[in-house]
>>> print(open('work36.cif').read())   # mmCIF, C-alpha atoms
data_structure
#
loop_
_atom_site.group_PDB
_atom_site.id
_atom_site.type_symbol
_atom_site.label_atom_id
_atom_site.label_comp_id
_atom_site.auth_asym_id
_atom_site.auth_seq_id
_atom_site.Cartn_x
_atom_site.Cartn_y
_atom_site.Cartn_z
ATOM 1 C CA MET A 1 102.917 -118.392 226.660
ATOM 2 C CA THR A 2 101.561 -119.124 230.143
ATOM 3 C CA LEU A 3 101.850 -122.894 229.648
ATOM 4 C CA VAL A 4 105.357 -122.542 228.201
ATOM 5 C CA ALA A 5 106.510 -120.408 231.155
ATOM 6 C CA ALA A 6 105.045 -122.757 233.763
ATOM 7 C CA THR A 7 106.384 -125.896 232.065
ATOM 8 C CA TYR A 8 109.827 -124.334 231.684
ATOM 9 C CA THR A 9 109.973 -123.414 235.375
ATOM 10 C CA ILE A 10 108.864 -126.861 236.552
ATOM 11 C CA ALA A 11 111.169 -128.714 234.143
ATOM 12 C CA LEU A 12 114.147 -126.559 235.071
ATOM 13 C CA ARG A 13 113.423 -127.065 238.760
ATOM 14 C CA TYR A 14 113.287 -130.829 238.258
ATOM 15 C CA THR A 15 116.592 -130.970 236.357
ATOM 16 C CA ARG A 16 118.346 -128.972 239.104
ATOM 17 C CA THR A 17 117.015 -130.966 242.080
ATOM 18 C CA SER A 18 116.786 -134.574 240.863
ATOM 19 C CA ASP A 19 119.307 -137.186 241.999
ATOM 20 C CA LYS A 20 120.803 -137.491 238.497
ATOM 21 C CA GLU A 21 124.212 -136.167 237.490
ATOM 22 C CA LEU A 22 123.993 -132.368 237.446
ATOM 23 C CA TYR A 23 124.673 -130.788 234.074
ATOM 24 C CA PHE A 24 126.475 -127.485 233.486
ATOM 25 C CA SER A 25 123.929 -124.659 233.407
ATOM 26 C CA THR A 26 126.327 -122.429 231.462
ATOM 27 C CA THR A 27 126.330 -124.852 228.531
ATOM 28 C CA ALA A 28 122.522 -124.995 228.566
ATOM 29 C CA VAL A 29 122.333 -121.194 228.352
ATOM 30 C CA CYS A 30 124.813 -121.225 225.459
ATOM 31 C CA ILE A 31 122.894 -123.875 223.511
ATOM 32 C CA THR A 32 119.673 -121.905 224.056
ATOM 33 C CA GLU A 33 121.264 -118.891 222.356
ATOM 34 C CA VAL A 34 122.333 -121.057 219.404
ATOM 35 C CA ILE A 35 118.820 -122.452 218.946
ATOM 36 C CA LYS A 36 117.241 -118.998 219.166
ATOM 37 C CA LEU A 37 119.693 -117.765 216.547
ATOM 38 C CA LEU A 38 118.864 -120.625 214.190
ATOM 39 C CA LEU A 39 115.117 -120.097 214.640
ATOM 40 C CA SER A 40 115.459 -116.353 214.028
ATOM 41 C CA VAL A 41 117.478 -116.969 210.861
ATOM 42 C CA GLY A 42 114.820 -119.371 209.601
ATOM 43 C CA ILE A 43 111.988 -116.920 210.330
ATOM 44 C CA LEU A 44 113.880 -114.052 208.669
ATOM 45 C CA ALA A 45 114.450 -116.236 205.589
ATOM 46 C CA LYS A 46 110.729 -116.932 205.419
ATOM 47 C CA GLU A 47 109.897 -113.260 206.015
ATOM 48 C CA THR A 48 112.099 -112.033 203.167
ATOM 49 C CA GLY A 49 110.713 -114.722 200.860
ATOM 50 C CA ASN A 50 113.708 -114.599 198.566
ATOM 51 C CA LEU A 51 117.197 -116.026 198.973
ATOM 52 C CA GLY A 52 118.808 -112.964 197.402
ATOM 53 C CA ARG A 53 116.996 -110.521 199.706
ATOM 54 C CA PHE A 54 117.747 -112.765 202.672
ATOM 55 C CA LYS A 55 121.495 -112.743 201.948
ATOM 56 C CA ALA A 56 121.433 -108.996 201.326
ATOM 57 C CA SER A 57 119.672 -108.414 204.642
ATOM 58 C CA LEU A 58 122.229 -110.470 206.555
ATOM 59 C CA ARG A 59 125.119 -108.813 204.728
ATOM 60 C CA GLU A 60 123.807 -105.305 205.383
ATOM 61 C CA ASN A 61 122.466 -105.638 208.921
ATOM 62 C CA VAL A 62 124.764 -108.261 210.423
ATOM 63 C CA LEU A 63 128.087 -108.622 208.638
ATOM 64 C CA GLY A 64 128.185 -104.966 207.603
ATOM 65 C CA SER A 65 127.024 -103.462 210.899
ATOM 66 C CA PRO A 66 129.656 -104.048 213.603
ATOM 67 C CA LYS A 67 128.387 -101.019 215.556
ATOM 68 C CA GLU A 68 124.903 -102.531 215.755
ATOM 69 C CA LEU A 69 126.357 -105.827 216.917
ATOM 70 C CA MET A 70 128.229 -103.996 219.662
ATOM 71 C CA LYS A 71 125.057 -102.138 220.621
ATOM 72 C CA LEU A 72 123.163 -105.438 220.971
ATOM 73 C CA SER A 73 126.001 -107.014 222.938
ATOM 74 C CA VAL A 74 124.810 -105.013 225.977
ATOM 75 C CA PRO A 75 121.457 -106.844 226.381
ATOM 76 C CA SER A 76 123.201 -110.078 225.325
ATOM 77 C CA LEU A 77 125.548 -109.849 228.295
ATOM 78 C CA VAL A 78 122.768 -108.867 230.703
ATOM 79 C CA TYR A 79 120.441 -111.631 229.478
ATOM 80 C CA ALA A 80 123.255 -114.177 229.837
ATOM 81 C CA VAL A 81 123.654 -113.189 233.494
ATOM 82 C CA GLN A 82 119.862 -113.307 233.976
ATOM 83 C CA ASN A 83 119.506 -116.785 232.478
ATOM 84 C CA ASN A 84 122.329 -118.200 234.576
ATOM 85 C CA MET A 85 120.781 -116.647 237.698
ATOM 86 C CA ALA A 86 117.511 -118.429 236.859
ATOM 87 C CA PHE A 87 119.325 -121.780 236.982
ATOM 88 C CA LEU A 88 120.935 -120.848 240.304
ATOM 89 C CA ALA A 89 117.637 -119.653 241.775
ATOM 90 C CA LEU A 90 115.708 -122.769 240.795
ATOM 91 C CA SER A 91 118.460 -124.895 242.307
ATOM 92 C CA ASN A 92 117.633 -123.337 245.677
ATOM 93 C CA LEU A 93 113.941 -122.336 245.575
ATOM 94 C CA ASP A 94 110.748 -124.193 244.777
ATOM 95 C CA ALA A 95 109.247 -123.452 241.367
ATOM 96 C CA ALA A 96 106.156 -121.769 242.826
ATOM 97 C CA VAL A 97 108.208 -119.583 245.191
ATOM 98 C CA TYR A 98 110.495 -118.700 242.284
ATOM 99 C CA GLN A 99 107.583 -117.878 239.975
ATOM 100 C CA VAL A 100 106.007 -115.491 242.488
ATOM 101 C CA THR A 101 109.252 -113.847 243.599
ATOM 102 C CA TYR A 102 110.443 -113.399 240.025
ATOM 103 C CA GLN A 103 107.535 -111.001 239.470
ATOM 104 C CA LEU A 104 109.727 -108.377 241.139
ATOM 105 C CA LYS A 105 110.900 -107.810 237.577
ATOM 106 C CA ILE A 106 107.702 -105.803 237.063
ATOM 107 C CA PRO A 107 108.541 -102.852 239.345
ATOM 108 C CA CYS A 108 112.109 -102.982 238.055
ATOM 109 C CA THR A 109 110.854 -102.861 234.464
ATOM 110 C CA ALA A 110 108.392 -100.092 235.355
ATOM 111 C CA LEU A 111 111.210 -97.961 236.765
ATOM 112 C CA CYS A 112 113.419 -98.580 233.712
ATOM 113 C CA THR A 113 110.490 -97.745 231.436
ATOM 114 C CA VAL A 114 109.948 -94.389 233.142
ATOM 115 C CA LEU A 115 113.666 -93.527 233.150
ATOM 116 C CA MET A 116 114.713 -94.872 229.737
ATOM 117 C CA LEU A 117 111.589 -94.496 227.579
ATOM 118 C CA ASN A 118 110.134 -91.351 229.187
ATOM 119 C CA ARG A 119 106.775 -92.993 229.819
ATOM 120 C CA THR A 120 104.357 -92.299 232.631
ATOM 121 C CA LEU A 121 102.423 -94.856 234.648
ATOM 122 C CA SER A 122 98.942 -94.275 236.020
ATOM 123 C CA ARG A 123 98.229 -94.177 239.746
ATOM 124 C CA LEU A 124 96.543 -97.589 239.526
ATOM 125 C CA GLN A 125 99.600 -99.042 237.825
ATOM 126 C CA TRP A 126 101.865 -97.815 240.610
ATOM 127 C CA ILE A 127 99.456 -99.138 243.247
ATOM 128 C CA SER A 128 99.486 -102.554 241.567
ATOM 129 C CA VAL A 129 103.297 -102.503 241.405
ATOM 130 C CA PHE A 130 103.660 -101.826 245.142
ATOM 131 C CA MET A 131 100.937 -104.363 245.908
ATOM 132 C CA LEU A 132 102.928 -106.919 243.973
ATOM 133 C CA CYS A 133 106.048 -106.111 245.997
ATOM 134 C CA GLY A 134 104.051 -106.647 249.183
ATOM 135 C CA GLY A 135 102.881 -110.021 247.925
ATOM 136 C CA VAL A 136 106.438 -111.106 247.190
ATOM 137 C CA VAL A 137 107.508 -110.055 250.698
ATOM 138 C CA LEU A 138 104.791 -112.284 252.169
ATOM 139 C CA VAL A 139 105.863 -115.228 250.002
ATOM 140 C CA GLN A 140 109.474 -114.859 251.160
ATOM 141 C CA TRP A 141 108.590 -114.201 254.805
ATOM 142 C CA ARG A 142 108.179 -117.901 255.522
ATOM 143 C CA PRO A 143 108.951 -119.680 252.250
ATOM 144 C CA ALA A 144 106.908 -122.778 251.420
ATOM 145 C CA GLN A 145 108.956 -125.948 251.729
ATOM 146 C CA ALA A 146 109.101 -128.840 249.262
ATOM 147 C CA THR A 147 109.362 -132.263 250.917
ATOM 148 C CA GLY A 148 110.114 -134.144 247.698
ATOM 149 C CA VAL A 149 113.478 -132.490 246.965
ATOM 150 C CA VAL A 150 116.561 -134.626 247.602
ATOM 151 C CA VAL A 151 119.325 -132.004 247.295
ATOM 152 C CA GLU A 152 120.531 -129.405 249.775
ATOM 153 C CA GLN A 153 119.205 -125.902 249.109
ATOM 154 C CA ASN A 154 120.080 -122.361 250.164
ATOM 155 C CA PRO A 155 116.952 -120.152 250.025
ATOM 156 C CA LEU A 156 118.956 -116.985 250.723
ATOM 157 C CA LEU A 157 121.240 -117.718 247.780
ATOM 158 C CA GLY A 158 118.180 -118.427 245.649
ATOM 159 C CA PHE A 159 116.574 -115.117 246.551
ATOM 160 C CA GLY A 160 119.840 -113.293 245.853
ATOM 161 C CA ALA A 161 119.970 -114.918 242.415
ATOM 162 C CA ILE A 162 116.395 -113.795 241.710
ATOM 163 C CA ALA A 163 117.268 -110.247 242.799
ATOM 164 C CA VAL A 164 120.082 -110.131 240.243
ATOM 165 C CA ALA A 165 117.838 -111.734 237.594
ATOM 166 C CA VAL A 166 115.019 -109.204 237.994
ATOM 167 C CA LEU A 167 117.436 -106.273 237.741
ATOM 168 C CA CYS A 168 118.865 -107.773 234.557
ATOM 169 C CA SER A 169 115.405 -108.507 233.160
ATOM 170 C CA GLY A 170 114.135 -104.964 233.706
ATOM 171 C CA PHE A 171 117.152 -103.202 232.241
ATOM 172 C CA ALA A 172 117.805 -105.545 229.296
ATOM 173 C CA GLY A 173 114.145 -105.714 228.225
ATOM 174 C CA VAL A 174 113.674 -101.945 228.174
ATOM 175 C CA TYR A 175 117.088 -101.358 226.572
ATOM 176 C CA PHE A 176 116.274 -103.788 223.775
ATOM 177 C CA GLU A 177 112.847 -102.239 223.291
ATOM 178 C CA LYS A 178 114.450 -98.795 222.988
ATOM 179 C CA VAL A 179 116.903 -100.098 220.370
ATOM 180 C CA LEU A 180 114.054 -101.674 218.386
ATOM 181 C CA LYS A 181 111.943 -98.530 218.444
ATOM 182 C CA SER A 182 114.806 -96.301 217.345
ATOM 183 C CA SER A 183 114.736 -97.742 213.805
ATOM 184 C CA ASP A 184 112.625 -99.717 211.348
ATOM 185 C CA THR A 185 114.980 -102.705 211.410
ATOM 186 C CA SER A 186 113.153 -106.044 211.465
ATOM 187 C CA LEU A 187 112.618 -107.757 214.811
ATOM 188 C CA TRP A 188 114.278 -110.900 213.500
ATOM 189 C CA VAL A 189 117.332 -108.992 212.285
ATOM 190 C CA ARG A 190 117.684 -107.468 215.757
ATOM 191 C CA ASN A 191 117.250 -110.886 217.329
ATOM 192 C CA ILE A 192 119.979 -112.309 215.089
ATOM 193 C CA GLN A 193 122.306 -109.457 216.057
ATOM 194 C CA MET A 194 121.613 -110.039 219.744
ATOM 195 C CA TYR A 195 121.888 -113.825 219.646
ATOM 196 C CA LEU A 196 125.188 -113.689 217.775
ATOM 197 C CA SER A 197 126.569 -111.528 220.557
ATOM 198 C CA GLY A 198 124.863 -113.806 223.064
ATOM 199 C CA ILE A 199 126.662 -116.893 221.779
ATOM 200 C CA VAL A 200 130.036 -115.200 222.162
ATOM 201 C CA VAL A 201 129.173 -113.940 225.651
ATOM 202 C CA THR A 202 127.870 -117.301 226.872
ATOM 203 C CA LEU A 203 130.846 -119.198 225.427
ATOM 204 C CA VAL A 204 133.129 -116.929 227.413
ATOM 205 C CA GLY A 205 130.982 -117.673 230.473
ATOM 206 C CA VAL A 206 131.261 -121.422 229.845
ATOM 207 C CA TYR A 207 135.049 -121.200 229.670
ATOM 208 C CA LEU A 208 135.473 -118.966 232.721
ATOM 209 C CA SER A 209 132.933 -120.746 234.938
ATOM 210 C CA ASP A 210 133.206 -124.445 234.063
ATOM 211 C CA GLY A 211 136.046 -124.695 231.551
ATOM 212 C CA ALA A 212 138.207 -127.138 233.498
ATOM 213 C CA GLU A 213 135.344 -129.476 234.423
ATOM 214 C CA ILE A 214 133.889 -129.409 230.907
ATOM 215 C CA LYS A 215 137.273 -130.345 229.487
ATOM 216 C CA GLU A 216 137.297 -133.352 231.811
ATOM 217 C CA LYS A 217 133.634 -134.447 231.606
ATOM 218 C CA GLY A 218 132.449 -133.080 228.258
ATOM 219 C CA PHE A 219 130.220 -130.230 227.076
ATOM 220 C CA PHE A 220 127.018 -132.284 227.281
ATOM 221 C CA TYR A 221 127.773 -133.979 230.602
ATOM 222 C CA GLY A 222 124.615 -134.787 232.571
ATOM 223 C CA TYR A 223 122.215 -133.990 229.721
ATOM 224 C CA THR A 224 118.900 -135.855 229.694
ATOM 225 C CA TYR A 225 115.671 -135.515 227.755
ATOM 226 C CA TYR A 226 114.420 -133.158 230.469
ATOM 227 C CA VAL A 227 117.448 -130.895 230.036
ATOM 228 C CA TRP A 228 116.804 -130.697 226.296
ATOM 229 C CA LEU A 229 113.154 -129.920 227.078
ATOM 230 C CA VAL A 230 114.267 -127.002 229.269
ATOM 231 C CA ILE A 231 116.525 -125.693 226.499
ATOM 232 C CA PHE A 232 113.785 -126.028 223.890
ATOM 233 C CA LEU A 233 111.200 -124.261 226.069
ATOM 234 C CA ALA A 234 113.643 -121.458 226.871
ATOM 235 C CA SER A 235 114.357 -120.971 223.165
ATOM 236 C CA VAL A 236 110.756 -121.016 221.983
ATOM 237 C CA GLY A 237 109.590 -118.985 224.975
ATOM 238 C CA GLY A 238 112.107 -116.252 224.263
ATOM 239 C CA LEU A 239 111.052 -115.890 220.643
ATOM 240 C CA TYR A 240 107.359 -116.160 221.452
ATOM 241 C CA THR A 241 107.620 -113.419 224.043
ATOM 242 C CA SER A 242 109.143 -111.058 221.504
ATOM 243 C CA VAL A 243 106.133 -111.634 219.248
ATOM 244 C CA VAL A 244 103.585 -111.263 222.053
ATOM 245 C CA VAL A 245 104.905 -107.911 223.221
ATOM 246 C CA LYS A 246 104.745 -106.609 219.670
ATOM 247 C CA TYR A 247 101.221 -105.517 220.604
ATOM 248 C CA THR A 248 101.974 -104.428 224.178
ATOM 249 C CA ASP A 249 105.068 -103.490 226.220
ATOM 250 C CA ASN A 250 107.628 -104.877 228.662
ATOM 251 C CA ILE A 251 105.502 -104.165 231.736
ATOM 252 C CA MET A 252 102.428 -105.872 230.333
ATOM 253 C CA LYS A 253 104.601 -108.836 229.405
ATOM 254 C CA GLY A 254 105.527 -109.145 233.081
ATOM 255 C CA PHE A 255 101.935 -108.935 234.243
ATOM 256 C CA SER A 256 100.936 -111.888 232.053
ATOM 257 C CA ALA A 257 102.382 -114.292 234.634
ATOM 258 C CA ALA A 258 99.349 -114.852 236.910
ATOM 259 C CA ALA A 259 98.232 -118.119 235.340
ATOM 260 C CA ALA A 260 101.852 -119.339 235.226
ATOM 261 C CA ILE A 261 102.057 -118.796 239.000
ATOM 262 C CA VAL A 262 98.934 -120.871 239.590
ATOM 263 C CA LEU A 263 100.084 -123.681 237.284
ATOM 264 C CA SER A 264 103.562 -123.742 238.850
ATOM 265 C CA THR A 265 102.066 -123.928 242.340
ATOM 266 C CA ILE A 266 99.789 -126.830 241.424
ATOM 267 C CA ALA A 267 102.648 -128.682 239.742
ATOM 268 C CA SER A 268 104.965 -128.060 242.711
ATOM 269 C CA VAL A 269 102.423 -129.530 245.126
ATOM 270 C CA MET A 270 101.978 -132.618 242.951
ATOM 271 C CA LEU A 271 105.592 -133.201 241.895
ATOM 272 C CA PHE A 272 107.758 -131.822 244.707
ATOM 273 C CA GLY A 273 105.475 -132.112 247.749
ATOM 274 C CA LEU A 274 105.277 -128.348 248.228
ATOM 275 C CA GLN A 275 103.652 -127.461 251.553
ATOM 276 C CA ILE A 276 101.598 -124.302 251.168
ATOM 277 C CA THR A 277 101.871 -121.840 254.079
ATOM 278 C CA LEU A 278 99.380 -119.110 254.953
ATOM 279 C CA THR A 279 101.838 -116.332 254.098
ATOM 280 C CA PHE A 280 102.610 -117.975 250.755
ATOM 281 C CA ALA A 281 98.908 -118.242 249.909
ATOM 282 C CA LEU A 282 98.201 -114.634 250.914
ATOM 283 C CA GLY A 283 101.266 -113.358 249.062
ATOM 284 C CA THR A 284 100.354 -115.264 245.903
ATOM 285 C CA LEU A 285 96.787 -113.930 246.071
ATOM 286 C CA LEU A 286 98.108 -110.381 246.445
ATOM 287 C CA VAL A 287 100.377 -110.816 243.417
ATOM 288 C CA CYS A 288 97.496 -112.152 241.296
ATOM 289 C CA VAL A 289 95.208 -109.273 242.375
ATOM 290 C CA SER A 290 97.897 -106.755 241.441
ATOM 291 C CA ILE A 291 98.129 -108.392 238.022
ATOM 292 C CA TYR A 292 94.374 -108.040 237.591
ATOM 293 C CA LEU A 293 94.461 -104.374 238.604
ATOM 294 C CA TYR A 294 97.178 -103.632 236.094
ATOM 295 C CA GLY A 295 95.048 -105.169 233.343
ATOM 296 C CA LEU A 296 92.149 -102.754 233.919
ATOM 297 C CA PRO A 297 91.563 -100.035 231.258
ATOM 298 C CA ARG A 298 94.335 -97.500 231.432
ATOM 299 C CA GLN A 299 96.387 -95.044 229.420
ATOM 300 C CA ASP A 300 98.336 -96.618 226.566
ATOM 301 C CA THR A 301 101.945 -97.266 227.634
ATOM 302 C CA THR A 302 103.307 -98.695 224.403
ATOM 303 C CA SER A 303 104.493 -95.454 222.821
ATOM 304 C CA ILE A 304 107.547 -93.429 223.763
ATOM 305 C CA GLN A 305 106.697 -89.911 224.888
ATOM 306 C CA GLN A 306 108.344 -86.477 224.529
ATOM 307 C CA GLY A 307 108.708 -86.614 220.789
ATOM 308 C CA GLU A 308 110.722 -89.805 220.672
ATOM 309 C CA PRO A 309 109.828 -91.661 217.446
ATOM 310 C CA ALA A 310 108.262 -95.072 217.669
ATOM 311 C CA SER A 311 108.944 -97.494 214.880
ATOM 312 C CA LYS A 312 106.401 -99.598 213.098
ATOM 313 C CA GLU A 313 107.443 -102.591 215.180
ATOM 314 C CA ARG A 314 106.498 -102.287 218.829
ATOM 315 C CA VAL A 315 108.453 -105.228 219.958
ATOM 316 C CA SER A 316 110.797 -106.538 222.514
ATOM 317 C CA GLY A 317 112.943 -109.721 222.634
ATOM 318 C CA VAL A 318 114.475 -112.131 225.110
#
>>> encode(input="work36.cif", output="structure tokens")
Amino acid sequence: MTLVAATYTIALRYTRTSDKELYFSTTAVCITEVIKLLLSVGILAKETGNLGRFKASLRENVLGSPKELMKLSVPSLVYAVQNNMAFLALSNLDAAVYQVTYQLKIPCTALCTVLMLNRTLSRLQWISVFMLCGGVVLVQWRPAQATGVVVEQNPLLGFGAIAVAVLCSGFAGVYFEKVLKSSDTSLWVRNIQMYLSGIVVTLVGVYLSDGAEIKEKGFFYGYTYYVWLVIFLASVGGLYTSVVVKYTDNIMKGFSAAAAIVLSTIASVMLFGLQITLTFALGTLLVCVSIYLYGLPRQDTTSIQQGEPASKERVSGV
């Protein structure tokens, strides 16, 4: 997961800052939803092990459950906004700066977890959350500059995009986890429900945001092998994350990013000429230490408290 996250960030950064024709990010987000849907359908078919049961499951949980589709349209919409903000952020911030700053999703997710799932965090967890925020402040105080980027950038716009993305990430992840834990419905069925809604939402976004230009230049304008790599990594990464957090929770998923930060920083220095500043180095160190502190033995946070039933599948999706 760490390698996938780091590679995705670097590849996306490259496709948004190279001197090639810039593709439409809205179409990339839409195609990612289609691929995730197809992969989820394939995994569900394998999980059911029988064509008849597979069709019955789709008929009952997808075609015959419009209310569930509407319920999953909420995280679909929020995730669509988040994914588009990631493209905007990486168009204006270096991959390493983005990777560190994006960890603000952790305190946002922690707050949503407390409010929506009635969980409690230990004192050490809260200390690590605030330590992480301090690290991000240091990173953004004097952002590291990349000398190998040939396009004009707006760091303030990039940070604003990350701020929106982390709010979306925290809310959508916890909302989806709550939906999953409220029933025994299969993870892959829930993913199919969400990705179906996601395709509709992102198609609307494509039309509203870039409809006129796409009609003139084409849906796949500017696509290269690197763009398809970004889409593939986003698709696989989303599904893989939902499997990983089956044995943990949304907060722990966020705190698994330390190695991805290090890899992204190394790659940014080598590929984009990133110049490391003292504040960036100190901020990154503080973020990594906070991640370590969160991983120390603590009270289990994967179950919903106050009598709220937890299903057999402790999962969350992207």
>>> closest_residue(input="work36.cif", among="A:Glu60, A:Val206, A:Leu296, A:Cys168", to="Thr185 of chain A", atoms="all atoms listed in the file")
A:Glu60
>>> residues_around(input="work36.cif", residues="Lys36 of chain A", least_positions_apart="3", cutoff="7 Å", atoms="all atoms listed in the file", output="ChimeraX atom specification")
/A:32-33,39-40,195,235
>>> closest_residue(input="work36.cif", among="A:Lys46, A:Lys55, A:Lys71, A:Arg16", to="Ala95 of chain A", atoms="all atoms listed in the file")
A:Arg16
>>> atom_distance(input="work36.cif", atom1="atom CA of Cys112 of chain A", atom2="atom CA of Phe171 of chain A")
6.1 Å
>>> closest_residue(input="work36.cif", among="A:Phe219, A:Tyr207, A:Phe24, A:Phe130", to="Leu286 of chain A", atoms="all atoms listed in the file")
A:Phe130
>>> residues_around(input="work36.cif", residues="Leu69 of chain A", least_positions_apart="3", cutoff="12 Å", atoms="only C-alpha atoms", output="VMD selection string")
chain A and resid 60 to 66 72 to 76 179 189 to 198 200
>>> resolve_selection(input="work36.cif", expression="the PyMOL selection byres ((chain A and resi 139) around 12)", output="PyMOL selection string")
chain A and resi 93-94+96-104+132-138+140-145+159+276-287
>>> atom_distance(input="work36.cif", atom1="atom CA of Tyr223 of chain A", atom2="atom CA of Leu22 of chain A")
8.1 Å
>>> closest_residue(input="work36.cif", among="A:Ser186, A:Thr7, A:Met270, A:Ser25", to="Glu47 of chain A", atoms="all atoms listed in the file")
A:Ser186
>>> atom_distance(input="work36.cif", atom1="atom CA of Gly42 of chain A", atom2="atom CA of Thr9 of chain A")
26.5 Å
>>> closest_residue(input="work36.cif", among="A:Ala89, A:Gly218, A:Ser209, A:Val201", to="Gly160 of chain A", atoms="only C-alpha atoms")
A:Ala89
>>> residues_around(input="work36.cif", residues="Thr202 of chain A", least_positions_apart="4", cutoff="8 Å", atoms="only C-alpha atoms", output="list in words")
Thr26, Thr27, Val29, Cys30, Leu77, Ala80, Gly198 and Val206 of chain A
>>> residues_around(input="work36.cif", residues="Val129 of chain A", least_positions_apart="5", cutoff="8 Å", atoms="only C-alpha atoms", output="ChimeraX atom specification")
/A:106-107,290
>>> write_last_selection(input="work36.cif", atoms="C-alpha atoms", output="PDB file, in the coordinates of the input")
ATOM      1  CA  ILE A 106     107.702-105.803 237.063  1.00  0.00           C
ATOM      2  CA  PRO A 107     108.541-102.852 239.345  1.00  0.00           C
ATOM      3  CA  SER A 290      97.897-106.755 241.441  1.00  0.00           C
TER       4      SER A 290
END
